[in-house]
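The structure appears below as structure tokens.
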Amino acid sequence: MDTKRWSVDKNVDNLTGYPQITQAADLLLNNEVVAFPTETVYGLGANALNDQAVAKIFEAKGRPADNPLIIHIADEEVVSDFVEEIPEKAKQLMKAYWPGPLTIILKMKEGVLSEKATVGLSTVGIRMPDHPVALALLQSTNLPIAAPSANSSGRPSPTTAEHVWDDLHGKISGIVDGGPTGVGLESTVLDCTEEVPVILRPGGITAQQIEEVIGEITVDPALLDSGQKPKSPGMKYRHYAPDAALVLVKGEREDIQRLILEKQQEGLKVGVLTTEENESFYQADKVIACGSRENLESVAGSLYDTLRNFNSADLDLILSEMFPDEGVGQAIMNRLVKAAGYRVISL
Ligand code: AMP
Ligand code: MG
């Protein structure tokens, strides 16, 4: 399959009507799949009303068939077409954080959306992305668009059109290139079908930000304990993994450096994931600074690119520093722990 590529300047006002957007929208209207930028990561979109279109997403990504897709919309009004009811707390959150990186799970209206997208669940996750290109594309199709991250399943999510191309060219109809994404980690997934809403996946909107608007929330216990079954089907899969084994290391940088030397003496090629603060301290086969500790948003923004960049170094092992488990750090740690397959050691 020929994968078309269009470049769009995301700083242009009202992109609807741009030829690139119109061509991409036409493909979506023809039930083809197209990748596009959002403020979190690149999404792989398809018409959420059509089984065949949605099936193409699963095929291109190699995504497990029981992992539901988030439905993307550009207009809050249409939410009621797809769900039974919108609880007050969900309304308040939409008002506060849409468009933005918050996916809200609600009770689904039967028989409207493709069951392939919602994988037979009685609920549906919906969000409105905060990106001019995504919004223009959604408005041009006037369709609900099912869109997971536009990577091959298991690999780090794509934060540039180049990442999408590396994973999916030849397997999808097009990529709209709007430059690097902003937040760099996926949306927060919040289950609003319970009286006290539950975070199923930490992401771009923090627990604190949600609590500021609706008060008490809880967190799916499986997020803190790998032995428990997660409430969100997708959270049970290994994700975000670089080619080499990744291990998170709790400890001082001197101890981490000692471990690097030890592993090198065993004959392993070792990389280290750190931040600007410690970049020049480490001696390893590959040292990558992922943003700055002073600014955890910068770590979130570069994390997936960093994980992908290790792949070019042909390493056996990557040791990663830890990050504080608060604010956006919760989403960073969630992704790192999963990328590491829960391997965490304390020195
Ligand atoms: P992705 O778009 O691939 O980054 O992942 C979407 C995430 O949202 C996955 O972890 C899904 O399991 C989760 N998700 C989507 N819809 C639902 C739903 N109805 N209930 C629970 N989790 C959902
Ligand atoms: Mg994904």
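Within each chain, counting starts at residue 1; across the structure tokens, chains are named A, B, ... in the order shown, with ligands numbered 1 upward in that order.
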
Applying 9 Å and only C-alpha atoms, which residues near Ala65 of chain A remain after dropping the ones on its own chain fewer than 6 positions away? List them as a VMD selection string. chain A and resid 58 116 119

Residues just named, written with C-alpha atoms as a short mmCIF file (atom, residue, chain, number, x, y, z; two decimals), in the first residue's frame:
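Dumped everything to part-v4.cif:
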```cif
data_model
loop_
_atom_site.label_atom_id
_atom_site.label_comp_id
_atom_site.auth_asym_id
_atom_site.auth_seq_id
_atom_site.Cartn_x
_atom_site.Cartn_y
_atom_site.Cartn_z
CA PHE A 58 -6.06 -3.34 14.44
CA LYS A 116 -14.86 -3.49 16.73
CA VAL A 119 -14.67 -4.47 21.58
#
```

Per-residue nearest contacts of chain A to ligand 2 (6 Å; only C-alpha atoms and all ligand atoms) as a Markdown table:
```
| residue | atom | partner | partner_atom_place_in_ligand_line | distance |
| --- | --- | --- | --- | --- |
| A:Pro148 | CA | ligand 2 | 1 (Mg) | 5.5 |
| A:Ser149 | CA | ligand 2 | 1 (Mg) | 4.3 |
| A:Ser157 | CA | ligand 2 | 1 (Mg) | 6.0 |
```

Mind pulling up the distance from atom CA of Leu168 of chain A to atom CA of Asn151 of chain A?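 Taking atom CA of Asn151 of chain A as the start and atom CA of Leu168 of chain A as the end point, the length is 6.9 Å.
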
I'd like the neighbourhood of Glu216 of chain A as an mmCIF file with N, CA and C atoms, in the first residue's frame, where a residue qualifies if any of its atoms comes within 12 Å (using only C-alpha atoms), though same-chain residues fewer than 5 positions away should be ignored.
```cif
data_model
loop_
_atom_site.group_PDB
_atom_site.id
_atom_site.type_symbol
_atom_site.label_atom_id
_atom_site.label_comp_id
_atom_site.auth_asym_id
_atom_site.auth_seq_id
_atom_site.Cartn_x
_atom_site.Cartn_y
_atom_site.Cartn_z
ATOM 1 N N LYS A 89 -20.343 15.246 36.861
ATOM 2 C CA LYS A 89 -18.881 15.361 37.009
ATOM 3 C C LYS A 89 -18.184 15.297 35.642
ATOM 4 N N GLU A 194 -18.599 5.383 37.447
ATOM 5 C CA GLU A 194 -18.726 5.138 38.894
ATOM 6 C C GLU A 194 -19.011 6.471 39.581
ATOM 7 N N GLU A 195 -19.651 6.401 40.747
ATOM 8 C CA GLU A 195 -19.962 7.615 41.518
ATOM 9 C C GLU A 195 -18.645 8.379 41.824
ATOM 10 N N VAL A 196 -17.637 7.604 42.260
ATOM 11 C CA VAL A 196 -16.308 8.206 42.443
ATOM 12 C C VAL A 196 -15.466 7.783 41.236
ATOM 13 N N PRO A 197 -15.183 8.709 40.319
ATOM 14 C CA PRO A 197 -14.453 8.338 39.102
ATOM 15 C C PRO A 197 -13.076 7.719 39.389
ATOM 16 N N VAL A 198 -12.642 6.860 38.460
ATOM 17 C CA VAL A 198 -11.414 6.084 38.658
ATOM 18 C C VAL A 198 -10.427 6.358 37.522
ATOM 19 N N ILE A 199 -9.183 6.692 37.876
ATOM 20 C CA ILE A 199 -8.146 6.820 36.838
ATOM 21 C C ILE A 199 -7.703 5.426 36.419
ATOM 22 N N ALA A 207 -3.916 13.768 38.283
ATOM 23 C CA ALA A 207 -4.952 13.461 39.288
ATOM 24 C C ALA A 207 -5.334 14.738 40.034
ATOM 25 N N GLN A 208 -4.338 15.544 40.366
ATOM 26 C CA GLN A 208 -4.615 16.786 41.097
ATOM 27 C C GLN A 208 -5.514 17.710 40.274
ATOM 28 N N GLN A 209 -5.237 17.817 38.980
ATOM 29 C CA GLN A 209 -6.056 18.697 38.133
ATOM 30 C C GLN A 209 -7.502 18.227 38.100
ATOM 31 N N ILE A 210 -7.698 16.902 38.084
ATOM 32 C CA ILE A 210 -9.067 16.371 38.062
ATOM 33 C C ILE A 210 -9.754 16.661 39.396
ATOM 34 N N GLU A 211 -9.031 16.425 40.484
ATOM 35 C CA GLU A 211 -9.614 16.647 41.819
ATOM 36 C C GLU A 211 -9.976 18.108 42.053
#
```

Could you give me the residues within 8 Å of ligand 1, counting only C-alpha atoms and all ligand atoms, as number ranges by chain? A: 43, 67-70, 103, 105-106, 118, 121-126, 147-149, 157, 186-187, 189, 191, 200-201, 231-235

Could you please write out, as a VMD selection string, every residue of segment 19-209 of chain A that DSSP assigns to strand (DSSP E)? chain A and resid 34 to 36 43 to 47 71 to 72 102 to 107 123 to 127 145 to 146 174 to 177 188 to 191 198 to 201

Do you know which residues are at most 10 Å from Thr160 of chain A counting only C-alpha atoms, after dropping those on the same chain fewer than 4 positions away, and could you put them as number ranges by chain? A: 36-37, 41-42, 150, 164-165, 177-181, 184, 304-305

As a PDB file with all heavy atoms, in the first residue's frame, please: the residues near Gln265 of chain A (cut-off 12 Å, only C-alpha atoms, same-chain neighbours under 6 positions excluded).
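Below is the file that was written, out-v3.pdb:
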```
ATOM      1  N   ARG A 258      28.411   2.474  38.838  1.00  0.00           N
ATOM      2  CA  ARG A 258      29.102   1.228  39.193  1.00  0.00           C
ATOM      3  C   ARG A 258      28.426   0.022  38.512  1.00  0.00           C
ATOM      4  O   ARG A 258      29.084  -0.864  37.991  1.00  0.00           O
ATOM      5  CB  ARG A 258      29.081   1.051  40.720  1.00  0.00           C
ATOM      6  CG  ARG A 258      30.426   0.595  41.266  1.00  0.00           C
ATOM      7  CD  ARG A 258      30.488   0.656  42.784  1.00  0.00           C
ATOM      8  NE  ARG A 258      30.536   2.012  43.291  1.00  0.00           N
ATOM      9  CZ  ARG A 258      29.707   2.532  44.222  1.00  0.00           C
ATOM     10  NH1 ARG A 258      28.741   1.809  44.742  1.00  0.00           N
ATOM     11  NH2 ARG A 258      29.854   3.769  44.634  1.00  0.00           N
ATOM     12  N   LEU A 259      27.092   0.036  38.506  1.00  0.00           N
ATOM     13  CA  LEU A 259      26.352  -1.066  37.872  1.00  0.00           C
ATOM     14  C   LEU A 259      26.628  -1.110  36.360  1.00  0.00           C
ATOM     15  O   LEU A 259      26.766  -2.187  35.772  1.00  0.00           O
ATOM     16  CB  LEU A 259      24.844  -0.903  38.144  1.00  0.00           C
ATOM     17  CG  LEU A 259      23.940  -1.994  37.598  1.00  0.00           C
ATOM     18  CD1 LEU A 259      24.278  -3.352  38.217  1.00  0.00           C
ATOM     19  CD2 LEU A 259      22.463  -1.665  37.875  1.00  0.00           C
ATOM     20  N   ALA A 284      28.951   5.416  29.584  1.00  0.00           N
ATOM     21  CA  ALA A 284      28.273   4.182  29.161  1.00  0.00           C
ATOM     22  C   ALA A 284      28.375   4.088  27.649  1.00  0.00           C
ATOM     23  O   ALA A 284      28.949   4.972  27.007  1.00  0.00           O
ATOM     24  CB  ALA A 284      26.815   4.222  29.611  1.00  0.00           C
TER      25      ALA A 284
END
```

Enter the distance from atom CA of Pro158 of chain A to atom CA of Arg343 of chain A, in Å, rounded to one decimal. 23.2 Å
